[in-house]
file coords-v2.cif (mmCIF, C-alpha atoms)
data_target
#
loop_
_atom_site.label_atom_id
_atom_site.label_comp_id
_atom_site.auth_asym_id
_atom_site.auth_seq_id
_atom_site.Cartn_x
_atom_site.Cartn_y
_atom_site.Cartn_z
CA MET A 6 7.03 3.74 24.48
CA VAL A 7 6.31 0.45 22.80
CA ASN A 8 7.25 -2.54 24.92
CA PRO A 9 10.55 -3.81 23.41
CA ASN A 10 9.80 -7.30 24.74
CA VAL A 11 7.20 -7.85 22.02
CA GLN A 12 9.98 -8.04 19.44
CA GLY A 13 9.68 -11.54 17.97
CA LYS A 14 6.15 -12.00 19.26
CA THR A 15 3.80 -13.74 16.82
CA TYR A 16 0.06 -13.18 16.83
CA PRO A 17 -2.42 -15.97 16.01
CA ALA A 18 -3.85 -16.29 12.51
CA THR A 19 -6.84 -14.10 11.77
CA SER A 20 -10.18 -15.61 10.77
CA PRO A 21 -10.52 -16.10 6.99
CA TYR A 22 -11.32 -13.01 4.91
CA LEU A 23 -13.29 -13.75 1.74
CA VAL A 24 -12.14 -11.44 -1.05
CA GLY A 25 -15.20 -10.25 -2.96
CA ARG A 26 -15.24 -9.21 -6.60
CA GLU A 27 -17.10 -5.99 -5.83
CA LYS A 28 -14.72 -5.24 -2.94
CA ILE A 29 -11.82 -5.45 -5.39
CA ARG A 30 -13.63 -3.12 -7.81
CA GLU A 31 -14.42 -0.71 -4.98
CA PHE A 32 -10.80 -0.68 -3.82
CA ALA A 33 -9.54 -0.34 -7.40
CA HIS A 34 -11.71 2.75 -7.95
CA ALA A 35 -10.51 4.17 -4.64
CA VAL A 36 -6.82 3.95 -5.65
CA LYS A 37 -7.66 5.35 -9.12
CA SER A 38 -6.92 2.11 -10.95
CA THR A 39 -8.24 1.79 -14.49
CA ASN A 40 -6.51 -1.55 -15.04
CA PRO A 41 -8.97 -4.04 -16.61
CA MET A 42 -7.46 -6.88 -14.52
CA ASN A 43 -8.95 -5.19 -11.43
CA LEU A 44 -12.33 -4.45 -12.97
CA ASP A 45 -13.26 -6.70 -15.87
CA VAL A 46 -13.76 -10.44 -15.27
CA PHE A 47 -13.34 -11.32 -18.95
CA ALA A 48 -10.11 -9.37 -19.29
CA ALA A 49 -8.75 -11.00 -16.13
CA GLN A 50 -9.73 -14.46 -17.34
CA ALA A 51 -8.21 -13.81 -20.76
CA ALA A 52 -4.95 -13.07 -18.93
CA GLY A 53 -5.18 -16.40 -17.11
CA TYR A 54 -6.69 -15.38 -13.78
CA ASP A 55 -9.78 -17.06 -12.32
CA ASP A 56 -11.48 -13.73 -11.64
CA VAL A 57 -10.56 -10.07 -11.19
CA ILE A 58 -7.33 -9.54 -9.26
CA ALA A 59 -6.74 -6.98 -6.54
CA PRO A 60 -4.54 -3.90 -6.94
CA PRO A 61 -1.01 -4.37 -5.53
CA THR A 62 -1.79 -2.52 -2.28
CA PHE A 63 -5.07 -4.33 -1.47
CA ALA A 64 -3.17 -6.62 0.91
CA VAL A 65 -3.22 -3.71 3.37
CA VAL A 66 -6.83 -4.66 4.14
CA ILE A 67 -5.67 -8.08 5.34
CA GLN A 68 -2.63 -6.61 7.11
CA GLU A 69 -4.91 -4.26 9.07
CA ARG A 70 -6.85 -7.21 10.48
CA SER A 71 -3.64 -8.57 11.99
CA LEU A 72 -2.50 -5.13 13.10
CA ALA A 73 -5.77 -4.66 14.97
CA THR A 74 -4.91 -7.63 17.19
CA VAL A 75 -1.55 -6.05 18.06
CA LEU A 76 -3.07 -2.65 18.80
CA ALA A 77 -5.54 -4.39 21.12
CA ASP A 78 -2.73 -6.25 22.92
CA PRO A 79 -2.00 -4.58 26.28
CA GLU A 80 1.48 -6.14 26.32
CA ALA A 81 2.50 -4.27 23.14
CA ASP A 82 1.24 -0.99 24.64
CA ILE A 83 0.86 0.90 21.35
CA ASP A 84 -1.06 4.16 21.55
CA PHE A 85 -2.83 4.28 18.18
CA SER A 86 -3.46 8.02 18.39
CA ARG A 87 0.31 8.54 18.28
CA VAL A 88 0.95 6.25 15.34
CA VAL A 89 2.32 7.48 12.01
CA HIS A 90 2.86 5.16 9.05
CA GLY A 91 6.60 5.12 8.28
CA ASP A 92 6.97 2.71 5.42
CA GLN A 93 5.19 -0.15 3.71
CA ARG A 94 6.11 -3.01 1.43
CA PHE A 95 4.20 -5.83 -0.25
CA ILE A 96 6.01 -8.85 -1.63
CA HIS A 97 3.57 -10.83 -3.73
CA ALA A 98 3.99 -14.55 -4.33
CA ARG A 99 0.92 -14.20 -6.55
CA PRO A 100 -1.83 -11.60 -6.99
CA ILE A 101 -4.88 -11.72 -4.72
CA VAL A 102 -7.87 -12.96 -6.74
CA ALA A 103 -11.59 -12.53 -6.08
CA GLY A 104 -12.78 -15.65 -4.25
CA ASP A 105 -9.61 -16.03 -2.20
CA GLU A 106 -10.05 -16.80 1.47
CA LEU A 107 -7.11 -15.25 3.24
CA THR A 108 -5.73 -15.48 6.74
CA SER A 109 -2.74 -13.65 8.10
CA VAL A 110 -0.08 -14.24 10.72
CA LEU A 111 1.79 -11.27 12.11
CA GLU A 112 5.21 -11.17 13.71
CA VAL A 113 6.71 -8.13 15.39
CA ALA A 114 9.97 -8.09 13.47
CA SER A 115 11.61 -5.31 15.42
CA VAL A 116 11.07 -2.61 18.02
CA LYS A 117 13.57 0.24 17.99
CA SER A 118 13.68 3.47 19.88
CA LEU A 119 14.65 6.69 18.21
CA GLY A 120 14.87 9.32 20.92
CA ALA A 121 11.40 9.60 22.43
CA HIS A 122 9.86 7.74 19.51
CA SER A 123 9.52 4.04 18.83
CA MET A 124 9.71 2.37 15.45
CA VAL A 125 7.92 -0.93 15.19
CA THR A 126 8.21 -3.15 12.14
CA PHE A 127 5.56 -5.80 11.52
CA GLU A 128 5.80 -8.67 9.11
CA THR A 129 2.43 -10.06 8.10
CA LYS A 130 2.29 -13.24 6.07
CA ILE A 131 -0.92 -13.73 4.13
CA PHE A 132 -1.98 -17.26 3.25
CA ASP A 133 -4.74 -18.72 1.09
CA ILE A 134 -7.05 -21.57 2.06
CA GLU A 135 -4.43 -24.12 0.88
CA LYS A 136 -1.99 -22.50 3.33
CA ALA A 137 0.13 -21.26 0.42
CA LEU A 138 1.83 -17.90 0.91
CA VAL A 139 0.17 -15.16 -1.16
CA CYS A 140 1.86 -12.03 0.12
CA THR A 141 4.25 -10.78 2.76
CA ALA A 142 3.36 -7.30 4.00
CA ILE A 143 6.01 -5.38 5.90
CA SER A 144 4.97 -2.24 7.70
CA THR A 145 6.82 0.16 9.96
CA LEU A 146 4.88 2.38 12.31
CA VAL A 147 6.41 5.28 14.13
CA VAL A 148 4.90 5.76 17.57
CA ARG A 149 5.52 9.30 18.75
CA GLY A 150 6.65 9.62 22.34
CA ASP A 151 6.43 12.67 24.57
CA GLU A 152 8.59 15.42 23.12
CA MET B 6 -0.06 -8.26 -22.48
CA ALA B 7 3.71 -8.64 -22.22
CA HIS B 8 4.32 -6.15 -24.99
CA ILE B 9 7.46 -4.85 -23.32
CA ASN B 10 10.72 -5.72 -24.99
CA ILE B 11 13.08 -5.93 -22.04
CA ALA B 12 16.18 -5.78 -24.24
CA SER B 13 15.16 -2.36 -25.53
CA LEU B 14 14.78 -0.81 -22.06
CA GLU B 15 17.36 1.51 -20.60
CA VAL B 16 17.97 2.52 -17.02
CA GLY B 17 16.70 6.04 -16.49
CA GLN B 18 14.09 5.77 -19.23
CA GLU B 19 10.75 7.37 -18.36
CA ILE B 20 7.74 5.07 -18.57
CA GLY B 21 5.01 7.60 -17.93
CA THR B 22 3.56 10.39 -15.83
CA THR B 23 0.07 10.56 -14.37
CA GLU B 24 -1.64 13.37 -12.53
CA PHE B 25 -4.02 12.26 -9.80
CA LEU B 26 -6.52 14.69 -8.34
CA LEU B 27 -7.15 13.71 -4.73
CA THR B 28 -10.25 15.42 -3.36
CA ARG B 29 -12.03 15.02 -0.05
CA ASP B 30 -14.37 12.68 -1.94
CA SER B 31 -11.33 10.55 -2.86
CA LEU B 32 -10.40 10.29 0.82
CA VAL B 33 -13.89 9.26 1.90
CA ARG B 34 -13.99 6.70 -0.90
CA TYR B 35 -10.59 5.31 0.13
CA ALA B 36 -11.63 5.22 3.79
CA GLY B 37 -14.66 3.12 2.90
CA ALA B 38 -12.82 0.83 0.50
CA SER B 39 -9.87 0.19 2.82
CA GLY B 40 -11.56 0.34 6.21
CA ASP B 41 -9.17 3.06 7.42
CA PHE B 42 -11.56 5.48 9.13
CA ASN B 43 -8.95 7.55 10.96
CA SER B 44 -10.73 10.90 11.22
CA ILE B 45 -7.63 12.96 10.34
CA HIS B 46 -8.48 11.98 6.78
CA TYR B 47 -11.87 13.72 6.72
CA ARG B 48 -12.26 16.07 9.71
CA ASP B 49 -10.55 19.48 9.70
CA ASP B 50 -11.18 20.04 13.42
CA ILE B 51 -9.51 16.77 14.44
CA ALA B 52 -6.60 17.28 12.03
CA ALA B 53 -6.04 20.74 13.56
CA ALA B 54 -6.40 19.41 17.11
CA VAL B 55 -3.53 16.95 16.61
CA GLY B 56 -1.36 19.66 15.08
CA LEU B 57 -1.62 18.78 11.39
CA PRO B 58 -1.60 21.46 8.67
CA GLY B 59 -4.96 20.13 7.41
CA VAL B 60 -6.80 16.98 6.43
CA LEU B 61 -4.27 14.54 5.00
CA ALA B 62 -4.59 11.91 2.30
CA HIS B 63 -4.09 8.37 3.57
CA GLY B 64 -0.47 7.41 2.91
CA MET B 65 -1.83 4.15 1.55
CA LEU B 66 -3.98 6.06 -0.95
CA THR B 67 -0.90 7.89 -2.21
CA MET B 68 0.98 4.57 -2.36
CA GLY B 69 -1.92 2.85 -4.11
CA ALA B 70 -2.39 5.58 -6.72
CA ALA B 71 1.34 5.99 -7.42
CA VAL B 72 1.83 2.35 -8.43
CA GLN B 73 -0.82 2.74 -11.13
CA VAL B 74 1.86 4.35 -13.30
CA ALA B 75 3.77 1.05 -13.25
CA VAL B 76 0.55 -0.97 -13.63
CA ASP B 77 -0.53 1.05 -16.69
CA TRP B 78 2.91 0.58 -18.23
CA VAL B 79 2.92 -3.22 -17.89
CA GLY B 80 -0.84 -3.53 -18.41
CA ASP B 81 -1.48 -6.05 -15.64
CA ALA B 82 -1.72 -5.28 -11.91
CA GLY B 83 -0.72 -8.90 -11.21
CA ARG B 84 2.79 -8.27 -12.49
CA ILE B 85 3.79 -6.06 -9.59
CA ALA B 86 5.85 -8.61 -7.65
CA ASP B 87 7.18 -6.30 -4.96
CA TYR B 88 6.29 -2.72 -4.09
CA GLN B 89 7.61 -0.52 -1.33
CA VAL B 90 7.50 3.13 -0.28
CA ARG B 91 8.50 5.35 2.61
CA PHE B 92 6.04 8.01 3.68
CA THR B 93 8.19 11.12 3.88
CA LYS B 94 5.83 14.11 3.57
CA PRO B 95 2.09 14.56 4.12
CA VAL B 96 -0.35 15.35 1.30
CA VAL B 97 -2.69 18.06 2.56
CA VAL B 98 -6.06 17.93 0.80
CA ASP B 99 -7.82 21.25 0.45
CA PRO B 100 -11.62 20.99 0.94
CA VAL B 101 -12.30 22.92 -2.28
CA ASP B 102 -9.35 22.33 -4.58
CA GLY B 103 -8.14 18.94 -3.36
CA ALA B 104 -4.52 18.03 -3.97
CA VAL B 105 -2.77 17.24 -7.22
CA LEU B 106 -0.30 14.37 -7.06
CA VAL B 107 2.03 14.01 -10.04
CA VAL B 108 3.62 10.59 -10.33
CA THR B 109 6.44 9.78 -12.72
CA GLY B 110 7.93 6.34 -13.29
CA LYS B 111 11.45 5.59 -14.49
CA VAL B 112 13.31 2.39 -15.14
CA GLY B 113 15.59 1.94 -12.12
CA ALA B 114 17.14 -1.45 -12.81
CA ILE B 115 16.81 -4.26 -15.33
CA ASP B 116 17.20 -7.96 -14.55
CA GLU B 117 16.94 -9.64 -17.94
CA GLU B 118 17.55 -13.14 -16.62
CA ASN B 119 14.58 -13.03 -14.23
CA ARG B 120 12.58 -10.68 -16.46
CA LEU B 121 12.20 -8.16 -13.65
CA VAL B 122 12.27 -4.42 -14.13
CA ARG B 123 12.50 -2.09 -11.17
CA ILE B 124 10.38 0.99 -11.67
CA ASP B 125 11.29 3.96 -9.48
CA LEU B 126 8.34 6.23 -8.80
CA THR B 127 8.47 9.90 -7.91
CA ALA B 128 5.32 11.34 -6.35
CA VAL B 129 5.20 15.11 -6.16
CA PHE B 130 2.64 17.26 -4.36
CA ASN B 131 3.03 21.02 -4.14
CA GLU B 132 6.58 20.80 -5.56
CA THR B 133 7.59 18.39 -2.79
CA THR B 134 8.37 14.69 -3.10
CA VAL B 135 6.04 12.86 -0.73
CA LEU B 136 7.23 9.25 -1.10
CA GLY B 137 10.75 8.00 -0.55
CA LYS B 138 12.30 4.90 -2.08
CA ALA B 139 9.10 4.18 -4.02
CA GLN B 140 10.09 1.11 -6.01
CA ALA B 141 8.06 -1.51 -7.82
CA GLN B 142 9.53 -4.74 -9.12
CA VAL B 143 7.61 -5.54 -12.29
CA ARG B 144 7.56 -8.92 -14.06
CA VAL B 145 7.69 -8.28 -17.79
#
call {"tool": "encode", "arguments": {"input": "coords-v2.cif", "output": "structure tokens"}}
result
Amino acid sequence: MVNPNVQGKTYPATSPYLVGREKIREFAHAVKSTNPMNLDVFAAQAAGYDDVIAPPTFAVVIQERSLATVLADPEADIDFSRVVHGDQRFIHARPIVAGDELTSVLEVASVKSLGAHSMVTFETKIFDIEKALVCTAISTLVVRGDE
Amino acid sequence: MAHINIASLEVGQEIGTTEFLLTRDSLVRYAGASGDFNSIHYRDDIAAAVGLPGVLAHGMLTMGAAVQVAVDWVGDAGRIADYQVRFTKPVVVDPVDGAVLVVTGKVGAIDEENRLVRIDLTAVFNETTVLGKAQAQVRV
């Protein structure tokens, strides 16, 4: 069982992650994107972006960095081998652009029990170097208990 | 890029269907690109040991591929303002044949004032819907 007392707990900001142009292209290919905004600098600039932009789900890479700190927290007591991804949402204030330096702050929004299982919802806010909000990532993990 | 005439859209209208072939190569590529190296996504023995029907696609790969239908429709990945899914069924990826994911997008709601269109996505694998409440809010 996940410790219900971590509901409301906030984890410190992660160290900055520098979003690389080739990383965006690599991720775009991996999710089968053919959108020029993800791949072609000139197309992205013609649309008004400084550089290629990331696919809508790229923020998961940043979210995972925050999630890793929770999974390593003995107080939360989350057994990663029992974790199943329940749902995921990304609310974008703006797209992630190559060159961004992003940090994230995670809050445990809720811990619920569902029989032997726990459902933990995390809200990760992703900020750029100017401390402006770029994306809010909301993720629910189901932690399977003993049947 | 904003070639979509919001006034001409109707709720229920189909915006497109794309077939994605997810192979084991796709899973390895996604693992590397995303940093999710959970071995249930590439090792049959470990998938079997934890009671899974086979090696599964990353839910986030399914989510990431599905939204491309909305991205292709609007033409700009930066116009996806909000995107959510529930992971309801696993996508089992055969080592030889892979898995075919068929994604269809439909107009779910239209907000003319804010120029937002909700695209509802249906992702089907093996005649089963694998994502629930898959919705993208698109700025048009």
call {"tool": "interface_residues", "arguments": {"input": "coords-v2.cif", "of": "chain A", "to": "chain B", "cutoff": "7 Å", "atoms": "only C-alpha atoms", "output": "list in words"}}
result
Glu31, Phe32, Ala35, Val36, Lys37, Ser38, Asn40, Met42, Ile58, Pro60, Pro61, Thr62, Val66, His90, Gly91, Asp92, Gln93, Arg94, Phe95, Ile96, His97 and Pro100 of chain A
call {"tool": "closest_residue", "arguments": {"input": "coords-v2.cif", "among": "A:Ile131, A:Ala49, A:Ala142, A:Val125", "to": "Val75 in chain A", "atoms": "all atoms listed in the file"}}
result
A:Val125
call {"tool": "residues_around", "arguments": {"input": "coords-v2.cif", "residues": "Gly25 in chain A", "least_positions_apart": "6", "cutoff": "12 Å", "atoms": "all atoms listed in the file", "output": "PyMOL selection string"}}
result
(chain A and resi 31-32+43-44+56-59+63+101-107) or (chain B and resi 38)
call {"tool": "closest_residue", "arguments": {"input": "coords-v2.cif", "among": "A:Ser86, A:Lys130, A:Val24, A:Glu112", "to": "Ala54 in chain B", "atoms": "all atoms listed in the file"}}
result
A:Ser86
call {"tool": "resolve_selection", "arguments": {"input": "coords-v2.cif", "expression": "the PyMOL selection byres ((chain A and resi 98) around 6)", "output": "PyMOL selection string"}}
result
chain A and resi 97+99+139-140
call {"tool": "decode", "arguments": {"input": "coords-v2.cif", "residues": "range 81-95 of chain B", "atoms": "N, CA and C atoms", "output": "compact mmCIF listing (two decimals), in the first residue's frame"}}
result
# COMPACT_ATOMS: atom_id res chain seq x y z
N ASP B 81 -0.02 21.20 -36.97
CA ASP B 81 0.98 21.80 -36.08
C ASP B 81 0.86 21.17 -34.69
N ALA B 82 1.90 20.43 -34.29
CA ALA B 82 1.90 19.74 -33.00
C ALA B 82 1.75 20.71 -31.83
N GLY B 83 2.09 21.98 -32.06
CA GLY B 83 2.02 22.99 -31.00
C GLY B 83 0.60 23.45 -30.70
N ARG B 84 -0.34 22.99 -31.49
CA ARG B 84 -1.74 23.41 -31.27
C ARG B 84 -2.53 22.43 -30.42
N ILE B 85 -1.86 21.42 -29.91
CA ILE B 85 -2.54 20.50 -28.99
C ILE B 85 -2.41 21.10 -27.58
N ALA B 86 -3.47 21.75 -27.12
CA ALA B 86 -3.39 22.50 -25.86
C ALA B 86 -3.53 21.58 -24.65
N ASP B 87 -4.24 20.51 -24.82
CA ASP B 87 -4.58 19.63 -23.69
C ASP B 87 -4.84 18.25 -24.27
N TYR B 88 -4.25 17.23 -23.67
CA TYR B 88 -4.42 15.88 -24.22
C TYR B 88 -4.43 14.89 -23.08
N GLN B 89 -5.47 14.07 -23.04
CA GLN B 89 -5.56 13.08 -21.96
C GLN B 89 -6.04 11.75 -22.49
N VAL B 90 -5.61 10.69 -21.82
CA VAL B 90 -6.12 9.34 -22.11
C VAL B 90 -6.17 8.53 -20.81
N ARG B 91 -6.99 7.48 -20.86
CA ARG B 91 -6.93 6.43 -19.84
C ARG B 91 -6.42 5.17 -20.53
N PHE B 92 -5.56 4.45 -19.84
CA PHE B 92 -5.03 3.21 -20.40
C PHE B 92 -5.93 2.07 -19.95
N THR B 93 -6.76 1.57 -20.88
CA THR B 93 -7.78 0.60 -20.47
C THR B 93 -7.43 -0.84 -20.82
N LYS B 94 -6.73 -1.05 -21.94
CA LYS B 94 -6.38 -2.42 -22.35
C LYS B 94 -4.95 -2.44 -22.88
N PRO B 95 -4.23 -3.54 -22.63
CA PRO B 95 -2.85 -3.61 -23.12
C PRO B 95 -2.77 -3.88 -24.62
